[in-house]
$ cat final28.pdb   # PDB, C-alpha atoms
ATOM      1  CA  GLN A1175     139.655  53.249  75.636
ATOM      2  CA  SER A1176     143.442  52.901  75.506
ATOM      3  CA  ALA A1177     145.064  49.691  74.362
ATOM      4  CA  LEU A1178     146.465  47.355  76.979
ATOM      5  CA  THR A1179     150.256  47.423  77.309
ATOM      6  CA  GLN A1180     152.297  44.441  76.151
ATOM      7  CA  PRO A1181     156.025  44.131  75.456
ATOM      8  CA  ALA A1182     156.724  44.439  71.746
ATOM      9  CA  SER A1183     158.815  41.288  71.673
ATOM     10  CA  VAL A1184     160.021  38.372  73.753
ATOM     11  CA  SER A1185     162.272  35.472  72.882
ATOM     12  CA  GLY A1186     163.347  32.137  74.268
ATOM     13  CA  SER A1187     165.097  28.938  73.316
ATOM     14  CA  PRO A1188     163.335  25.644  72.715
ATOM     15  CA  GLY A1189     162.382  24.006  76.000
ATOM     16  CA  GLN A1190     162.539  27.237  77.970
ATOM     17  CA  SER A1191     159.626  29.166  79.477
ATOM     18  CA  ILE A1192     158.605  32.718  78.659
ATOM     19  CA  THR A1193     156.054  35.085  80.118
ATOM     20  CA  ILE A1194     154.208  37.881  78.323
ATOM     21  CA  SER A1195     152.655  40.625  80.438
ATOM     22  CA  CYS A1196     149.512  42.629  79.709
ATOM     23  CA  THR A1197     148.941  45.756  81.776
ATOM     24  CA  GLY A1198     145.684  47.644  81.942
ATOM     25  CA  THR A1199     143.717  49.529  84.558
ATOM     26  CA  SER A1200     141.087  48.891  87.189
ATOM     27  CA  SER A1201     138.493  49.588  84.465
ATOM     28  CA  ASP A1202     139.530  46.573  82.429
ATOM     29  CA  VAL A1203     142.146  43.954  83.407
ATOM     30  CA  GLY A1204     142.003  44.740  87.124
ATOM     31  CA  GLY A1205     138.242  44.981  87.327
ATOM     32  CA  TYR A1206     137.153  41.749  85.690
ATOM     33  CA  ASN A1207     138.285  38.149  85.285
ATOM     34  CA  TYR A1208     137.617  38.418  81.563
ATOM     35  CA  VAL A1209     141.144  38.487  80.197
ATOM     36  CA  SER A1210     141.823  36.327  77.152
ATOM     37  CA  TRP A1211     144.901  35.576  75.060
ATOM     38  CA  TYR A1212     145.179  34.959  71.313
ATOM     39  CA  GLN A1213     147.898  33.451  69.137
ATOM     40  CA  GLN A1214     148.266  34.684  65.577
ATOM     41  CA  HIS A1215     150.571  33.205  62.982
ATOM     42  CA  PRO A1216     151.439  35.333  59.923
ATOM     43  CA  GLY A1217     148.563  35.622  57.502
ATOM     44  CA  LYS A1218     146.213  33.666  59.754
ATOM     45  CA  ALA A1219     143.254  34.541  61.950
ATOM     46  CA  PRO A1220     143.823  34.793  65.705
ATOM     47  CA  LYS A1221     143.235  31.695  67.827
ATOM     48  CA  LEU A1222     141.917  31.710  71.388
ATOM     49  CA  MET A1223     144.518  30.255  73.762
ATOM     50  CA  ILE A1224     143.344  31.370  77.228
ATOM     51  CA  TYR A1225     139.995  32.703  78.417
ATOM     52  CA  GLU A1226     138.800  34.133  81.738
ATOM     53  CA  VAL A1227     142.398  34.745  82.858
ATOM     54  CA  SER A1228     143.529  31.158  83.235
ATOM     55  CA  ASN A1229     141.242  28.717  81.407
ATOM     56  CA  ARG A1230     142.349  26.771  78.343
ATOM     57  CA  PRO A1231     139.894  25.902  75.566
ATOM     58  CA  SER A1232     139.707  22.286  74.546
ATOM     59  CA  GLY A1233     142.615  21.368  72.315
ATOM     60  CA  VAL A1234     145.050  24.012  73.562
ATOM     61  CA  SER A1235     148.262  22.590  74.976
ATOM     62  CA  ASN A1236     148.715  22.670  78.747
ATOM     63  CA  ARG A1237     152.062  24.352  78.074
ATOM     64  CA  PHE A1238     150.024  27.558  77.894
ATOM     65  CA  SER A1239     148.870  29.086  81.170
ATOM     66  CA  GLY A1240     147.485  32.411  82.315
ATOM     67  CA  SER A1241     147.323  34.404  85.519
ATOM     68  CA  LYS A1242     146.506  37.860  86.815
ATOM     69  CA  SER A1243     147.671  40.116  89.621
ATOM     70  CA  GLY A1244     146.059  43.489  90.055
ATOM     71  CA  ASN A1245     145.966  45.325  86.734
ATOM     72  CA  THR A1246     148.458  42.985  85.039
ATOM     73  CA  ALA A1247     147.690  39.676  83.370
ATOM     74  CA  SER A1248     150.326  37.239  82.176
ATOM     75  CA  LEU A1249     150.625  34.451  79.640
ATOM     76  CA  THR A1250     153.281  31.809  80.285
ATOM     77  CA  ILE A1251     154.415  29.324  77.680
ATOM     78  CA  SER A1252     156.504  26.481  79.028
ATOM     79  CA  GLY A1253     158.594  24.005  77.074
ATOM     80  CA  LEU A1254     158.878  26.405  74.125
ATOM     81  CA  GLN A1255     158.512  24.816  70.705
ATOM     82  CA  ALA A1256     159.253  26.186  67.261
ATOM     83  CA  GLU A1257     155.550  26.301  66.395
ATOM     84  CA  ASP A1258     154.916  28.682  69.299
ATOM     85  CA  GLU A1259     156.636  31.438  67.323
ATOM     86  CA  ALA A1260     153.805  33.877  66.609
ATOM     87  CA  ASP A1261     152.216  37.129  67.700
ATOM     88  CA  TYR A1262     150.279  37.061  70.964
ATOM     89  CA  TYR A1263     147.522  39.455  71.984
ATOM     90  CA  CYS A1264     145.710  39.924  75.257
ATOM     91  CA  SER A1265     142.166  41.236  75.452
ATOM     92  CA  SER A1266     139.926  42.381  78.287
ATOM     93  CA  TYR A1267     136.319  43.268  78.904
ATOM     94  CA  THR A1268     135.951  46.863  80.071
ATOM     95  CA  SER A1269     133.732  48.906  82.357
ATOM     96  CA  SER A1270     132.099  50.507  79.296
ATOM     97  CA  SER A1271     130.974  47.041  78.129
ATOM     98  CA  ARG A1272     133.445  47.208  75.288
ATOM     99  CA  LYS A1273     136.569  45.138  74.678
ATOM    100  CA  VAL A1274     140.150  46.214  74.324
ATOM    101  CA  PHE A1275     143.245  44.472  72.963
ATOM    102  CA  GLY A1276     146.875  44.793  73.852
ATOM    103  CA  GLY A1277     149.321  46.033  71.264
ATOM    104  CA  GLY A1278     150.643  42.527  70.653
ATOM    105  CA  THR A1279     153.887  40.711  71.437
ATOM    106  CA  LYS A1280     156.064  38.992  68.865
ATOM    107  CA  LEU A1281     157.462  35.753  70.262
ATOM    108  CA  THR A1282     160.684  34.519  68.687
ATOM    109  CA  VAL A1283     161.886  30.997  69.356
ATOM    110  CA  LEU A1284     165.653  31.148  69.034
TER     111      LEU A1284
ATOM    112  CA  GLU B 897     132.094  22.642  62.570
ATOM    113  CA  VAL B 898     131.844  26.347  63.330
ATOM    114  CA  GLN B 899     132.565  28.486  60.267
ATOM    115  CA  LEU B 900     132.604  32.242  59.829
ATOM    116  CA  VAL B 901     133.172  33.528  56.298
ATOM    117  CA  GLU B 902     133.601  37.246  55.656
ATOM    118  CA  SER B 903     133.041  38.936  52.319
ATOM    119  CA  GLY B 904     132.571  42.388  50.845
ATOM    120  CA  GLY B 905     136.051  43.832  51.225
ATOM    121  CA  GLY B 906     137.802  45.714  48.487
ATOM    122  CA  LEU B 907     139.252  49.032  47.363
ATOM    123  CA  VAL B 908     137.218  52.157  48.121
ATOM    124  CA  GLN B 909     137.982  55.870  47.877
ATOM    125  CA  PRO B 910     138.172  58.071  50.983
ATOM    126  CA  GLY B 911     134.681  59.178  51.944
ATOM    127  CA  GLY B 912     133.152  56.119  50.308
ATOM    128  CA  SER B 913     131.072  53.278  51.731
ATOM    129  CA  LEU B 914     131.340  49.518  51.924
ATOM    130  CA  ARG B 915     129.232  46.764  53.454
ATOM    131  CA  LEU B 916     130.894  43.703  54.925
ATOM    132  CA  SER B 917     129.091  40.414  55.488
ATOM    133  CA  CYS B 918     129.889  37.416  57.658
ATOM    134  CA  ALA B 919     128.133  34.122  56.922
ATOM    135  CA  ALA B 920     127.920  31.831  59.934
ATOM    136  CA  SER B 921     127.404  28.068  59.986
ATOM    137  CA  GLY B 922     127.884  25.095  62.262
ATOM    138  CA  PHE B 923     126.214  26.646  65.293
ATOM    139  CA  THR B 924     122.961  28.309  66.362
ATOM    140  CA  PHE B 925     123.791  31.826  65.182
ATOM    141  CA  SER B 926     120.821  33.435  66.910
ATOM    142  CA  SER B 927     122.137  32.345  70.317
ATOM    143  CA  TYR B 928     125.508  34.070  70.101
ATOM    144  CA  GLU B 929     126.784  37.604  70.414
ATOM    145  CA  MET B 930     129.076  38.700  67.597
ATOM    146  CA  ASN B 931     131.849  41.200  66.987
ATOM    147  CA  TRP B 932     133.913  42.843  64.279
ATOM    148  CA  VAL B 933     137.659  43.144  64.916
ATOM    149  CA  ARG B 934     140.120  44.753  62.522
ATOM    150  CA  GLN B 935     143.861  44.672  61.936
ATOM    151  CA  ALA B 936     145.659  47.355  59.970
ATOM    152  CA  PRO B 937     148.585  46.129  57.852
ATOM    153  CA  GLY B 938     151.489  45.234  60.128
ATOM    154  CA  LYS B 939     149.600  46.419  63.207
ATOM    155  CA  GLY B 940     147.744  44.897  66.133
ATOM    156  CA  LEU B 941     144.156  43.871  66.647
ATOM    157  CA  GLU B 942     141.487  46.503  67.271
ATOM    158  CA  TRP B 943     137.991  45.693  68.500
ATOM    159  CA  VAL B 944     135.456  47.544  66.315
ATOM    160  CA  SER B 945     131.903  46.636  67.284
ATOM    161  CA  TYR B 946     129.647  44.233  69.215
ATOM    162  CA  ILE B 947     126.053  43.124  68.734
ATOM    163  CA  SER B 948     123.977  41.029  71.109
ATOM    164  CA  SER B 949     122.277  37.830  69.987
ATOM    165  CA  SER B 950     118.953  39.579  69.394
ATOM    166  CA  GLY B 951     120.508  42.724  67.963
ATOM    167  CA  SER B 952     119.057  44.873  70.718
ATOM    168  CA  THR B 953     122.399  45.888  72.252
ATOM    169  CA  ILE B 954     125.189  47.379  70.171
ATOM    170  CA  TYR B 955     128.537  48.955  71.033
ATOM    171  CA  TYR B 956     131.181  50.653  68.904
ATOM    172  CA  ALA B 957     134.789  51.689  69.335
ATOM    173  CA  ASP B 958     135.168  55.463  69.501
ATOM    174  CA  SER B 959     137.215  55.357  66.284
ATOM    175  CA  VAL B 960     134.219  54.208  64.210
ATOM    176  CA  LYS B 961     131.211  55.482  66.167
ATOM    177  CA  GLY B 962     128.861  57.478  63.953
ATOM    178  CA  ARG B 963     130.376  56.070  60.747
ATOM    179  CA  PHE B 964     129.961  52.283  61.055
ATOM    180  CA  THR B 965     126.757  50.329  61.710
ATOM    181  CA  ILE B 966     126.681  46.708  62.851
ATOM    182  CA  SER B 967     123.612  44.568  62.221
ATOM    183  CA  ARG B 968     122.583  40.953  61.925
ATOM    184  CA  ASP B 969     119.932  38.803  60.272
ATOM    185  CA  ASN B 970     119.375  35.720  62.391
ATOM    186  CA  ALA B 971     117.113  34.185  59.747
ATOM    187  CA  LYS B 972     120.007  34.331  57.285
ATOM    188  CA  ASN B 973     122.739  33.453  59.826
ATOM    189  CA  SER B 974     124.563  36.605  58.827
ATOM    190  CA  LEU B 975     126.403  39.494  60.440
ATOM    191  CA  TYR B 976     126.994  42.816  58.694
ATOM    192  CA  LEU B 977     129.113  45.942  59.010
ATOM    193  CA  GLN B 978     128.045  49.014  57.051
ATOM    194  CA  MET B 979     131.022  51.349  56.783
ATOM    195  CA  ASN B 980     130.452  54.950  55.704
ATOM    196  CA  SER B 981     132.712  58.005  55.456
ATOM    197  CA  LEU B 982     135.718  55.733  55.136
ATOM    198  CA  ARG B 983     139.180  57.068  55.898
ATOM    199  CA  ALA B 984     142.665  55.866  55.040
ATOM    200  CA  GLU B 985     143.093  54.746  58.642
ATOM    201  CA  ASP B 986     140.192  52.304  58.222
ATOM    202  CA  THR B 987     142.383  50.223  55.906
ATOM    203  CA  ALA B 988     142.600  46.818  57.565
ATOM    204  CA  VAL B 989     141.661  43.178  57.492
ATOM    205  CA  TYR B 990     138.242  42.923  59.086
ATOM    206  CA  TYR B 991     137.414  39.776  61.048
ATOM    207  CA  CYS B 992     134.076  38.671  62.401
ATOM    208  CA  ALA B 993     134.464  36.929  65.738
ATOM    209  CA  ARG B 994     132.019  35.049  67.919
ATOM    210  CA  ASP B 995     131.665  35.730  71.625
ATOM    211  CA  SER B 996     131.906  32.513  73.596
ATOM    212  CA  SER B 997     128.899  31.461  75.649
ATOM    213  CA  TYR B 998     128.538  33.293  78.961
ATOM    214  CA  SER B 999     131.883  35.064  78.620
ATOM    215  CA  TYR B1000     133.652  37.901  76.869
ATOM    216  CA  ASP B1001     136.284  36.244  74.739
ATOM    217  CA  PHE B1002     136.314  35.542  71.005
ATOM    218  CA  ASP B1003     136.207  31.791  70.558
ATOM    219  CA  TYR B1004     135.875  31.581  66.770
ATOM    220  CA  TRP B1005     137.155  33.895  64.042
ATOM    221  CA  GLY B1006     136.643  34.160  60.329
ATOM    222  CA  GLN B1007     139.537  34.340  57.881
ATOM    223  CA  GLY B1008     139.074  38.090  57.392
ATOM    224  CA  THR B1009     138.364  40.390  54.472
ATOM    225  CA  LEU B1010     140.675  43.215  53.395
ATOM    226  CA  VAL B1011     139.362  46.749  53.129
ATOM    227  CA  THR B1012     141.645  49.266  51.442
ATOM    228  CA  VAL B1013     140.749  52.960  51.544
ATOM    229  CA  SER B1014     142.787  54.848  48.974
ATOM    230  CA  SER B1015     142.400  57.239  46.095
TER     231      SER B1015
END
$ encode --input "final28.pdb" --output "structure tokens"
Amino acid sequence: QSALTQPASVSGSPGQSITISCTGTSSDVGGYNYVSWYQQHPGKAPKLMIYEVSNRPSGVSNRFSGSKSGNTASLTISGLQAEDEADYYCSSYTSSSRKVFGGGTKLTVL
Amino acid sequence: EVQLVESGGGLVQPGGSLRLSCAASGFTFSSYEMNWVRQAPGKGLEWVSYISSSGSTIYYADSVKGRFTISRDNAKNSLYLQMNSLRAEDTAVYYCARDSSYSYDFDYWGQGTLVTVSS
């Protein structure tokens, strides 16, 4: 199972919006609405930010939103804040009943 | 409060073995599916293994299949990962992560335990 494809880095200024893409295949991202997104600050455990493509867990800011089109899922962060600077990972359920992560995207808030 | 606490990491020689544990609290452990996820130093997340709530269904990543064994003891609220024939590329922080109810995301994570494979 190959890793999902994410850009290595993205950046934006405070208040702006950014979007991180996550590209897979019809056997994972495109085949199921089980894409999730995780935020990881240095030295910390990952935190669930989006589940089932576009749902936010309780307590996650509504500045975070998710979507999917075909084999590509996207995470959008609006109104960028300094504390959003972190690594972001997508994950998907797969046709082999396993899970796969993207390679991760480093978000820099300028 | 949901808590997952990993232990058992450390330094091991190539070819050696190690057993990781994850102690769960704050939820009905026997009702949830569990996973191990690892992260090599400076690298991304890699899903390692899954076990169903009863332990009857298990999956492994190809990179560890035949060398690692996941198990659980619902009476002790604990998840385990037996790692044999360890290689340098198994060096990573190992996290236990809970599957959310009725879905396939990881809603709670432990703080991780570091496994270093080196001579």
$ resolve_selection --input "final28.pdb" --expression "the PyMOL selection byres ((chain A) within 6 of (chain B))" --output "list of chain:residue names"
A:Ala1219, A:Leu1222, A:Gly1277, A:Gly1278
$ residues_around --input "final28.pdb" --residues "Glu929 of chain B" --least-positions-apart "5" --cutoff "7 Å" --atoms "all atoms listed in the file" --output "list in words"
Ile947, Ser948, Ser949, Arg994 and Asp995 of chain B
$ resolve_selection --input "final28.pdb" --expression "the PyMOL selection byres ((chain A and resi 1208) around 8)" --output "list in words"
Val1203, Tyr1206, Asn1207, Val1209, Ser1210, Tyr1225, Glu1226, Val1227, Ser1266 and Tyr1267 of chain A; Ser999, Tyr1000 and Asp1001 of chain B
$ resolve_selection --input "final28.pdb" --expression "the PyMOL selection byres ((chain A and resi 1247) around 9)" --output "PyMOL selection string"
chain A and resi 1194-1198+1203-1204+1209+1227+1240-1246+1248-1249+1264
$ residues_around --input "final28.pdb" --residues "segment 921-923 of chain B" --least-positions-apart "3" --cutoff "8 Å" --atoms "only C-alpha atoms" --output "PyMOL selection string"
chain B and resi 897-900+973
$ residues_near_point --input "final28.pdb" --point "(130.6, 57.5, 57.2)" --cutoff "10 Å" --atoms "all atoms listed in the file" --output "compact mmCIF listing (two decimals) with C-alpha atoms, in the coordinates of the input"
# COMPACT_ATOMS: atom_id res chain seq x y z
CA PRO B 910 138.17 58.07 50.98
CA GLY B 911 134.68 59.18 51.94
CA GLY B 912 133.15 56.12 50.31
CA SER B 913 131.07 53.28 51.73
CA LEU B 914 131.34 49.52 51.92
CA VAL B 960 134.22 54.21 64.21
CA LYS B 961 131.21 55.48 66.17
CA GLY B 962 128.86 57.48 63.95
CA ARG B 963 130.38 56.07 60.75
CA PHE B 964 129.96 52.28 61.06
CA THR B 965 126.76 50.33 61.71
CA GLN B 978 128.04 49.01 57.05
CA MET B 979 131.02 51.35 56.78
CA ASN B 980 130.45 54.95 55.70
CA SER B 981 132.71 58.00 55.46
CA LEU B 982 135.72 55.73 55.14
CA ARG B 983 139.18 57.07 55.90
$ axis_aligned_box --input "final28.pdb" --around "segment 975-984 of chain B" --padding-each-side "8 Å" --output "lines of an AutoDock Vina configuration file"
center_x = 134.5
center_y = 48.7
center_z = 57.7
size_x = 32.3
size_y = 34.5
size_z = 21.4
$ residues_around --input "final28.pdb" --residues "His1215 of chain A" --least-positions-apart "2" --cutoff "12 Å" --atoms "only C-alpha atoms" --output "list in words"
Tyr1212, Gln1213, Gly1217, Lys1218, Ala1219, Pro1220, Lys1221, Ala1256, Glu1257, Asp1258, Glu1259, Ala1260, Asp1261, Tyr1262, Tyr1263, Thr1279, Lys1280, Leu1281 and Thr1282 of chain A
$ residues_around --input "final28.pdb" --residues "Asn1236 of chain A" --least-positions-apart "4" --cutoff "12 Å" --atoms "all atoms listed in the file" --output "PyMOL selection string"
chain A and resi 1223-1224+1228-1232+1240+1249-1254
$ residues_around --input "final28.pdb" --residues "Ser1185 of chain A" --least-positions-apart "2" --cutoff "8 Å" --atoms "only C-alpha atoms" --output "CSV table (one decimal) with C-alpha atoms, in the coordinates of the input"
chain,number,residue,atom,x,y,z
A,1183,SER,CA,158.8,41.3,71.7
A,1187,SER,CA,165.1,28.9,73.3
A,1192,ILE,CA,158.6,32.7,78.7
A,1281,LEU,CA,157.5,35.8,70.3
A,1282,THR,CA,160.7,34.5,68.7
A,1283,VAL,CA,161.9,31.0,69.4
A,1284,LEU,CA,165.7,31.1,69.0
$ atom_distance --input "final28.pdb" --atom1 "atom CA of Ser926 of chain B" --atom2 "atom CA of Ser967 of chain B"
12.4 Å
$ atom_distance --input "final28.pdb" --atom1 "atom CA of Phe925 of chain B" --atom2 "atom CA of Gly906 of chain B"
25.8 Å
$ atom_distance --input "final28.pdb" --atom1 "atom CA of Lys972 of chain B" --atom2 "atom CA of Cys918 of chain B"
10.4 Å
$ closest_residue --input "final28.pdb" --among "A:Asp1202, A:Ala1182, A:Val1234, A:Gln1255" --to "Phe1275 of chain A" --atoms "only C-alpha atoms"
A:Asp1202
